[in-house]
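Asks: Below you'll find target.cif; it's mmCIF, C-alpha atoms and all ligand atoms.
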data_coords
#
loop_
_atom_site.label_atom_id
_atom_site.label_comp_id
_atom_site.auth_asym_id
_atom_site.auth_seq_id
_atom_site.Cartn_x
_atom_site.Cartn_y
_atom_site.Cartn_z
CA MET A 1 7.71 14.06 22.78
CA ASP A 2 5.44 11.03 22.79
CA GLU A 3 2.65 12.76 20.89
CA THR A 4 2.06 11.24 17.45
CA ARG A 5 2.87 13.74 14.75
CA GLN A 6 0.53 14.59 11.90
CA ILE A 7 2.39 13.02 8.98
CA ASP A 8 2.87 9.82 11.00
CA ARG A 9 -0.84 9.76 11.78
CA ALA A 10 -1.85 10.29 8.13
CA LEU A 11 0.50 7.56 6.91
CA HIS A 12 -0.49 5.21 9.71
CA ASP A 13 -4.22 5.49 8.94
CA GLU A 14 -3.61 4.62 5.29
CA HIS A 15 -1.14 1.84 6.17
CA MET A 16 -3.63 0.19 8.52
CA HIS A 17 -6.47 0.46 6.00
CA VAL A 18 -4.40 -1.16 3.24
CA ALA A 19 -2.84 -3.81 5.51
CA GLY A 20 -6.31 -4.78 6.77
CA LEU A 21 -7.64 -5.23 3.24
CA LEU A 22 -4.57 -7.21 2.18
CA ARG A 23 -4.76 -9.54 5.18
CA ARG A 24 -8.34 -10.31 4.13
CA LEU A 25 -7.16 -10.87 0.53
CA SER A 26 -4.39 -13.16 1.73
CA ASP A 27 -6.83 -15.21 3.82
CA LEU A 28 -9.27 -15.44 0.93
CA LEU A 29 -6.70 -16.48 -1.70
CA GLY A 30 -5.00 -18.76 0.80
CA ARG A 31 -8.16 -20.87 0.87
CA GLY A 32 -7.91 -21.72 -2.84
CA ASP A 33 -8.95 -20.65 -6.33
CA GLY A 34 -12.65 -20.22 -5.63
CA ALA A 35 -12.58 -16.48 -4.99
CA LEU A 36 -11.10 -15.83 -8.44
CA VAL A 37 -13.09 -18.48 -10.32
CA ALA A 38 -16.51 -17.57 -8.93
CA PRO A 39 -16.30 -14.79 -6.34
CA ASP A 40 -18.99 -14.97 -3.66
CA GLU A 41 -20.46 -12.00 -1.76
CA THR A 42 -17.49 -11.80 0.61
CA ALA A 43 -14.98 -11.84 -2.23
CA LEU A 44 -16.92 -9.30 -4.29
CA ARG A 45 -17.13 -6.93 -1.33
CA LEU A 46 -13.40 -7.19 -0.69
CA PHE A 47 -12.50 -6.71 -4.37
CA ALA A 48 -14.71 -3.62 -4.47
CA GLU A 49 -12.99 -2.22 -1.37
CA LEU A 50 -9.57 -2.90 -2.87
CA ARG A 51 -10.35 -1.22 -6.18
CA PRO A 52 -9.79 2.41 -5.13
CA VAL A 53 -6.57 1.40 -3.36
CA LEU A 54 -5.20 -0.38 -6.43
CA ASP A 55 -6.60 2.23 -8.78
CA GLY A 56 -4.94 5.40 -7.52
CA ALA A 57 -4.86 5.64 -3.71
CA LEU A 58 -1.72 3.54 -3.32
CA GLU A 59 0.04 5.49 -6.05
CA ARG A 60 -0.92 8.79 -4.40
CA HIS A 61 0.45 7.52 -1.08
CA PHE A 62 3.73 6.44 -2.72
CA ARG A 63 4.04 9.77 -4.60
CA PHE A 64 3.59 11.66 -1.34
CA GLU A 65 6.31 9.61 0.32
CA GLU A 66 8.68 9.84 -2.65
CA ASP A 67 8.10 13.44 -3.72
CA ILE A 68 7.48 15.20 -0.40
CA LEU A 69 8.99 13.11 2.40
CA PHE A 70 11.95 11.22 0.96
CA PRO A 71 13.84 14.28 -0.34
CA ARG A 72 13.74 15.69 3.20
CA LEU A 73 14.94 12.38 4.60
CA ASP A 74 17.71 12.25 1.97
CA ALA A 75 18.85 15.72 3.02
CA ASP A 76 18.91 14.46 6.62
CA GLY A 77 21.20 11.54 5.71
CA ALA A 78 18.57 8.77 5.58
CA ASP A 79 19.13 7.90 1.92
CA ASP A 80 19.82 4.20 2.66
CA LEU A 81 16.29 3.93 4.00
CA THR A 82 14.65 5.91 1.19
CA GLY A 83 16.61 3.95 -1.44
CA LEU A 84 15.19 0.69 -0.11
CA LEU A 85 11.65 2.04 0.18
CA ARG A 86 11.76 3.45 -3.37
CA GLU A 87 12.93 0.08 -4.70
CA GLU A 88 9.99 -1.57 -2.96
CA HIS A 89 7.57 0.99 -4.44
CA ASP A 90 8.96 0.24 -7.90
CA VAL A 91 8.10 -3.45 -7.45
CA LEU A 92 4.74 -2.89 -5.75
CA LEU A 93 3.15 -0.35 -8.06
CA PRO A 94 3.18 -2.47 -11.26
CA GLN A 95 1.94 -5.43 -9.20
CA ALA A 96 -0.94 -3.31 -7.91
CA ALA A 97 -1.93 -2.36 -11.46
CA ARG A 98 -1.86 -6.00 -12.57
CA LEU A 99 -3.83 -7.13 -9.52
CA ARG A 100 -6.46 -4.43 -10.19
CA ASP A 101 -6.97 -5.91 -13.67
CA VAL A 102 -7.08 -9.48 -12.32
CA LEU A 103 -9.71 -8.61 -9.70
CA ALA A 104 -11.80 -6.68 -12.22
CA ALA A 105 -11.73 -9.69 -14.58
CA ALA A 106 -12.59 -12.06 -11.70
CA MET A 107 -15.60 -9.90 -10.79
CA ALA A 108 -16.75 -10.21 -14.41
CA GLY A 109 -16.14 -13.99 -14.36
CA GLY A 110 -13.59 -13.62 -17.11
CA LEU A 111 -10.45 -15.41 -15.91
CA ASP A 112 -9.26 -18.58 -17.66
CA PRO A 113 -7.69 -21.34 -15.51
CA GLN A 114 -4.13 -20.18 -16.16
CA GLN A 115 -5.04 -16.60 -15.25
CA VAL A 116 -6.61 -17.86 -12.03
CA VAL A 117 -3.36 -19.58 -11.07
CA SER A 118 -1.15 -16.61 -11.91
CA GLY A 119 -3.65 -14.15 -10.43
CA ARG A 120 -3.77 -16.02 -7.14
CA ARG A 121 0.02 -16.12 -6.98
CA LEU A 122 0.19 -12.38 -7.78
CA GLY A 123 -2.38 -11.50 -5.12
CA LEU A 124 -0.60 -13.48 -2.42
CA GLU A 125 2.81 -12.09 -3.34
CA PHE A 126 1.58 -8.50 -3.53
CA ALA A 127 -0.20 -8.79 -0.17
CA SER A 128 2.90 -10.20 1.49
CA LEU A 129 5.33 -7.65 0.03
CA GLN A 130 3.03 -4.68 0.63
CA ILE A 131 2.39 -5.69 4.26
CA ASP A 132 6.16 -6.10 4.80
CA HIS A 133 6.70 -2.67 3.26
CA ILE A 134 4.10 -1.12 5.56
CA GLU A 135 5.63 -2.75 8.63
CA ARG A 136 9.07 -1.47 7.62
CA GLU A 137 7.75 2.08 7.20
CA GLU A 138 5.77 1.97 10.45
CA MET A 139 9.02 1.14 12.25
CA ALA A 140 11.47 3.34 10.37
CA LEU A 141 9.62 6.45 9.19
CA PRO A 142 8.47 8.08 12.46
CA PRO A 143 11.98 8.45 13.94
CA ALA A 144 13.46 9.47 10.56
CA LEU A 145 10.73 12.09 10.01
CA GLU A 146 11.10 13.34 13.58
CA SER A 147 14.75 14.02 12.84
CA ALA A 148 14.21 15.56 9.40
CA ILE A 149 11.06 17.68 9.77
CA GLU A 150 10.18 20.33 12.36
CA ASP A 151 6.79 20.26 14.08
CA ASP A 152 5.30 23.23 12.22
CA GLU A 153 6.37 21.87 8.85
CA ASP A 154 4.99 18.46 9.87
CA ARG A 155 1.56 20.00 10.41
CA ARG A 156 1.65 21.97 7.14
CA ILE A 157 2.76 18.99 5.03
CA ALA A 158 0.13 16.69 6.58
CA MET A 159 -2.64 19.27 6.03
CA ASP A 160 -1.63 19.71 2.39
CA TYR A 161 -1.64 15.97 1.85
CA MET A 162 -4.99 15.37 3.52
CA ALA A 163 -6.55 18.29 1.65
CA GLY A 164 -5.65 16.35 -1.52
FE FE A 201 5.92 3.38 1.00
FE FE A 202 3.68 4.16 3.20
#
Would you mind writing the file out in structure tokens?

Replies:
Amino acid sequence: MDETRQIDRALHDEHMHVAGLLRRLSDLLGRGDGALVAPDETALRLFAELRPVLDGALERHFRFEEDILFPRLDADGADDLTGLLREEHDVLLPQAARLRDVLAAAMAGGLDPQQVVSGRRLGLEFASLQIDHIEREEMALPPALESAIEDDEDRRIAMDYMAG
């Protein structure tokens, strides 16, 4: 049973996409205020790539986990895990919405100095927490889902999710 299952694969692809973008954001903001004060080509490209994540894709991913996967994990006795992951979602989602607004304002050159400081802090904190959350799920979800969901249901759920 070493074959990767379909839900794991779908989650993993999205986790790696988001973690890659957030590592770039962390590097960029770690170098100083410049990216938010006067974003260059590199910063603008990254902010544009982050926009669909912060503006819906992350929420869709969380809803899938919370509405489709976690109830099955709860029924299988993994409610300690899902409780923690839900708490993390509840912190991350409002941060994502605020960061979306910060990056949109930065792209328009519209942040005042105080907003640059708070925006940089928000971006670094969100990147760190979201990457930690992804690493936790990458470790914990595959074995929990393997226990809770049969192979045929795994395929059906993943197909439904990817069909949107
Ligand atoms: Fe999650
Ligand atoms: Fe996830």

Asks: Check which residues fall inside 7 Å of ligand FE 201 (chain A) when counting all atoms listed in the file, and print them as number ranges by chain.

Replies: A: 62, 65, 85, 89, 133-134, 137

Asks: Pick the closest to ligand FE 202 (chain A) from A:Leu36, A:Leu28, A:Ile131, A:Ala78: which is it, counting all atoms listed in the file?

Replies: A:Ile131

Asks: Taking (-10.0, -3.9, 1.7) in the file's own coordinates, collect the residues within 10 Å, counting all atoms listed in the file, and hand them back as a list in words.

Replies: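 Residues with an atom at most 10 Å from (-10.0, -3.9, 1.7): His17, Val18, Ala19, Gly20, Leu21, Leu22, Arg23, Arg24, Leu25, Arg45, Leu46, Phe47, Ala48, Glu49, Leu50, Arg51, Pro52 and Val53 of chain A.
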
Asks: So which residues are near ligand FE 202 (chain A), meaning at most 12 Å away with all atoms listed in the file counted, given back as a CSV table (one decimal) with C-alpha atoms, in the coordinates of the input?

Replies:
chain,number,residue,atom,x,y,z
A,7,ILE,CA,2.4,13.0,9.0
A,8,ASP,CA,2.9,9.8,11.0
A,9,ARG,CA,-0.8,9.8,11.8
A,10,ALA,CA,-1.8,10.3,8.1
A,11,LEU,CA,0.5,7.6,6.9
A,12,HIS,CA,-0.5,5.2,9.7
A,13,ASP,CA,-4.2,5.5,8.9
A,14,GLU,CA,-3.6,4.6,5.3
A,15,HIS,CA,-1.1,1.8,6.2
A,16,MET,CA,-3.6,0.2,8.5
A,17,HIS,CA,-6.5,0.5,6.0
A,18,VAL,CA,-4.4,-1.2,3.2
A,19,ALA,CA,-2.8,-3.8,5.5
A,57,ALA,CA,-4.9,5.6,-3.7
A,58,LEU,CA,-1.7,3.5,-3.3
A,59,GLU,CA,0.0,5.5,-6.0
A,60,ARG,CA,-0.9,8.8,-4.4
A,61,HIS,CA,0.4,7.5,-1.1
A,62,PHE,CA,3.7,6.4,-2.7
A,63,ARG,CA,4.0,9.8,-4.6
A,64,PHE,CA,3.6,11.7,-1.3
A,65,GLU,CA,6.3,9.6,0.3
A,66,GLU,CA,8.7,9.8,-2.6
A,69,LEU,CA,9.0,13.1,2.4
A,70,PHE,CA,12.0,11.2,1.0
A,82,THR,CA,14.6,5.9,1.2
A,85,LEU,CA,11.6,2.0,0.2
A,86,ARG,CA,11.8,3.4,-3.4
A,88,GLU,CA,10.0,-1.6,-3.0
A,89,HIS,CA,7.6,1.0,-4.4
A,92,LEU,CA,4.7,-2.9,-5.8
A,130,GLN,CA,3.0,-4.7,0.6
A,131,ILE,CA,2.4,-5.7,4.3
A,132,ASP,CA,6.2,-6.1,4.8
A,133,HIS,CA,6.7,-2.7,3.3
A,134,ILE,CA,4.1,-1.1,5.6
A,135,GLU,CA,5.6,-2.8,8.6
A,136,ARG,CA,9.1,-1.5,7.6
A,137,GLU,CA,7.8,2.1,7.2
A,138,GLU,CA,5.8,2.0,10.4
A,139,MET,CA,9.0,1.1,12.2
A,140,ALA,CA,11.5,3.3,10.4
A,141,LEU,CA,9.6,6.4,9.2
A,142,PRO,CA,8.5,8.1,12.5

Asks: What does the distance from CA of Val37 (chain A) to CA of Asp112 (chain A) come to in Å, to one decimal?

Replies: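 Computed distance, CA of Val37 (chain A) to CA of Asp112 (chain A), equals 8.3 Å.
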
Asks: Using all atoms listed in the file, which of A:Ile68, A:Ala35, A:Leu122, A:Ile149 sits nearest Tyr161 (chain A)?

Replies: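 Closest to Tyr161 (chain A), using all atoms listed in the file: A:Ile68.
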
Asks: Between A:Asp160, A:Asp40, A:Glu146, A:Glu153, which has the minimum distance to Leu73 (chain A) (counting all atoms listed in the file)?

Replies: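 With all atoms listed in the file as the atom set, the closest residue is A:Glu146.
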
Asks: So how many Å separate CA of Ala144 (chain A) and CA of Ala97 (chain A), to one decimal?

Replies: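 Calculated distance between CA of Ala144 (chain A) and CA of Ala97 (chain A) is 29.4 Å.
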
Asks: Counting all atoms listed in the file, I want the residues whose atoms come within 12 Å of (3.9, -4.9, -12.1) in the file frame, returned as a PDB file with C-alpha atoms, keeping the file's coordinate frame.

Replies:
ATOM      1  CA  LEU A  54      -5.200  -0.380  -6.430  1.00  0.00           C
ATOM      2  CA  GLU A  88       9.990  -1.570  -2.960  1.00  0.00           C
ATOM      3  CA  HIS A  89       7.570   0.990  -4.440  1.00  0.00           C
ATOM      4  CA  ASP A  90       8.960   0.240  -7.900  1.00  0.00           C
ATOM      5  CA  VAL A  91       8.100  -3.450  -7.450  1.00  0.00           C
ATOM      6  CA  LEU A  92       4.740  -2.890  -5.750  1.00  0.00           C
ATOM      7  CA  LEU A  93       3.150  -0.350  -8.060  1.00  0.00           C
ATOM      8  CA  PRO A  94       3.180  -2.470 -11.260  1.00  0.00           C
ATOM      9  CA  GLN A  95       1.940  -5.430  -9.200  1.00  0.00           C
ATOM     10  CA  ALA A  96      -0.940  -3.310  -7.910  1.00  0.00           C
ATOM     11  CA  ALA A  97      -1.930  -2.360 -11.460  1.00  0.00           C
ATOM     12  CA  ARG A  98      -1.860  -6.000 -12.570  1.00  0.00           C
ATOM     13  CA  LEU A  99      -3.830  -7.130  -9.520  1.00  0.00           C
ATOM     14  CA  ARG A 100      -6.460  -4.430 -10.190  1.00  0.00           C
ATOM     15  CA  ASP A 101      -6.970  -5.910 -13.670  1.00  0.00           C
ATOM     16  CA  VAL A 102      -7.080  -9.480 -12.320  1.00  0.00           C
ATOM     17  CA  LEU A 122       0.190 -12.380  -7.780  1.00  0.00           C
ATOM     18  CA  GLY A 123      -2.380 -11.500  -5.120  1.00  0.00           C
ATOM     19  CA  GLU A 125       2.810 -12.090  -3.340  1.00  0.00           C
ATOM     20  CA  PHE A 126       1.580  -8.500  -3.530  1.00  0.00           C
TER      21      PHE A 126
END

Asks: Between CA of Val116 (chain A) and CA of Gly34 (chain A), what is the distance in Å, rounded to a tenth?

Replies: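 Those two atoms sit 9.1 Å apart.
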
Asks: Which residue gives the smallest distance to Glu3 (chain A) among A:Met107, A:Asp151, A:Gly30, A:Glu87, with all atoms listed in the file counted?

Replies: A:Asp151

Asks: Looking at all atoms listed in the file, which of A:Ile157, A:Ala127, A:Met162, A:Ala105 is the one that sits closest to Leu145 (chain A)?

Replies: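 The answer is A:Ile157, which sits nearest to Leu145 (chain A).
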
Asks: Just need the box for region 67-72 of chain A, edges along x, y and z, holding every atom the file lists for it with 3 Å tacked onto each side, so centre and edge lengths in Å to one decimal, as AutoDock Vina command-line options.

Replies:
--center_x 10.7 --center_y 13.5 --center_z -0.3 --size_x 12.4 --size_y 10.5 --size_z 12.9

Asks: Could you check which of A:Leu84, A:Leu124, A:Leu111, A:Leu129 is closest to Pro39 (chain A), using all atoms listed in the file?

Replies: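 When distances to Pro39 (chain A) are compared using all atoms listed in the file, the smallest one comes from A:Leu111.
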
Asks: For region 142-160 of chain A, which lacks atoms in the input, supply N, CA and C atoms and format the output as a PDB file, in the coordinates of the input.

Replies:
ATOM      1  N   PRO A 142       8.670   7.061  11.415  1.00  0.00           N
ATOM      2  CA  PRO A 142       8.470   8.080  12.460  1.00  0.00           C
ATOM      3  C   PRO A 142       9.765   8.663  13.030  1.00  0.00           C
ATOM      4  N   PRO A 143      10.756   7.837  13.414  1.00  0.00           N
ATOM      5  CA  PRO A 143      11.980   8.450  13.940  1.00  0.00           C
ATOM      6  C   PRO A 143      12.750   9.241  12.874  1.00  0.00           C
ATOM      7  N   ALA A 144      12.736   8.743  11.618  1.00  0.00           N
ATOM      8  CA  ALA A 144      13.460   9.470  10.560  1.00  0.00           C
ATOM      9  C   ALA A 144      12.794  10.814  10.279  1.00  0.00           C
ATOM     10  N   LEU A 145      11.451  10.829  10.273  1.00  0.00           N
ATOM     11  CA  LEU A 145      10.730  12.090  10.010  1.00  0.00           C
ATOM     12  C   LEU A 145      10.882  13.052  11.187  1.00  0.00           C
ATOM     13  N   GLU A 146      10.897  12.509  12.379  1.00  0.00           N
ATOM     14  CA  GLU A 146      11.100  13.340  13.580  1.00  0.00           C
ATOM     15  C   GLU A 146      12.424  14.096  13.485  1.00  0.00           C
ATOM     16  N   SER A 147      13.432  13.402  12.968  1.00  0.00           N
ATOM     17  CA  SER A 147      14.750  14.020  12.840  1.00  0.00           C
ATOM     18  C   SER A 147      14.800  15.032  11.702  1.00  0.00           C
ATOM     19  N   ALA A 148      14.049  14.763  10.622  1.00  0.00           N
ATOM     20  CA  ALA A 148      14.210  15.560   9.400  1.00  0.00           C
ATOM     21  C   ALA A 148      13.262  16.752   9.308  1.00  0.00           C
ATOM     22  N   ILE A 149      12.119  16.683   9.994  1.00  0.00           N
ATOM     23  CA  ILE A 149      11.060  17.680   9.770  1.00  0.00           C
ATOM     24  C   ILE A 149      10.625  18.292  11.103  1.00  0.00           C
ATOM     25  N   GLU A 150      10.622  19.625  11.154  1.00  0.00           N
ATOM     26  CA  GLU A 150      10.180  20.330  12.360  1.00  0.00           C
ATOM     27  C   GLU A 150       8.676  20.202  12.536  1.00  0.00           C
ATOM     28  N   ASP A 151       8.206  20.450  13.765  1.00  0.00           N
ATOM     29  CA  ASP A 151       6.790  20.260  14.080  1.00  0.00           C
ATOM     30  C   ASP A 151       5.862  21.118  13.212  1.00  0.00           C
ATOM     31  N   ASP A 152       6.226  22.373  12.977  1.00  0.00           N
ATOM     32  CA  ASP A 152       5.300  23.230  12.220  1.00  0.00           C
ATOM     33  C   ASP A 152       5.236  22.805  10.748  1.00  0.00           C
ATOM     34  N   GLU A 153       6.377  22.367  10.221  1.00  0.00           N
ATOM     35  CA  GLU A 153       6.370  21.870   8.850  1.00  0.00           C
ATOM     36  C   GLU A 153       5.604  20.542   8.767  1.00  0.00           C
ATOM     37  N   ASP A 154       5.741  19.729   9.799  1.00  0.00           N
ATOM     38  CA  ASP A 154       4.990  18.460   9.870  1.00  0.00           C
ATOM     39  C   ASP A 154       3.496  18.728   9.726  1.00  0.00           C
ATOM     40  N   ARG A 155       2.997  19.702  10.466  1.00  0.00           N
ATOM     41  CA  ARG A 155       1.560  20.000  10.410  1.00  0.00           C
ATOM     42  C   ARG A 155       1.158  20.510   9.028  1.00  0.00           C
ATOM     43  N   ARG A 156       1.990  21.386   8.445  1.00  0.00           N
ATOM     44  CA  ARG A 156       1.650  21.970   7.140  1.00  0.00           C
ATOM     45  C   ARG A 156       1.653  20.890   6.044  1.00  0.00           C
ATOM     46  N   ILE A 157       2.662  20.047   6.052  1.00  0.00           N
ATOM     47  CA  ILE A 157       2.760  18.990   5.030  1.00  0.00           C
ATOM     48  C   ILE A 157       1.579  18.024   5.147  1.00  0.00           C
ATOM     49  N   ALA A 158       1.240  17.641   6.384  1.00  0.00           N
ATOM     50  CA  ALA A 158       0.130  16.690   6.580  1.00  0.00           C
ATOM     51  C   ALA A 158      -1.187  17.317   6.130  1.00  0.00           C
ATOM     52  N   MET A 159      -1.388  18.594   6.444  1.00  0.00           N
ATOM     53  CA  MET A 159      -2.640  19.270   6.030  1.00  0.00           C
ATOM     54  C   MET A 159      -2.735  19.327   4.506  1.00  0.00           C
ATOM     55  N   ASP A 160      -1.630  19.670   3.859  1.00  0.00           N
ATOM     56  CA  ASP A 160      -1.630  19.710   2.390  1.00  0.00           C
ATOM     57  C   ASP A 160      -1.979  18.343   1.807  1.00  0.00           C
TER      58      ASP A 160
END
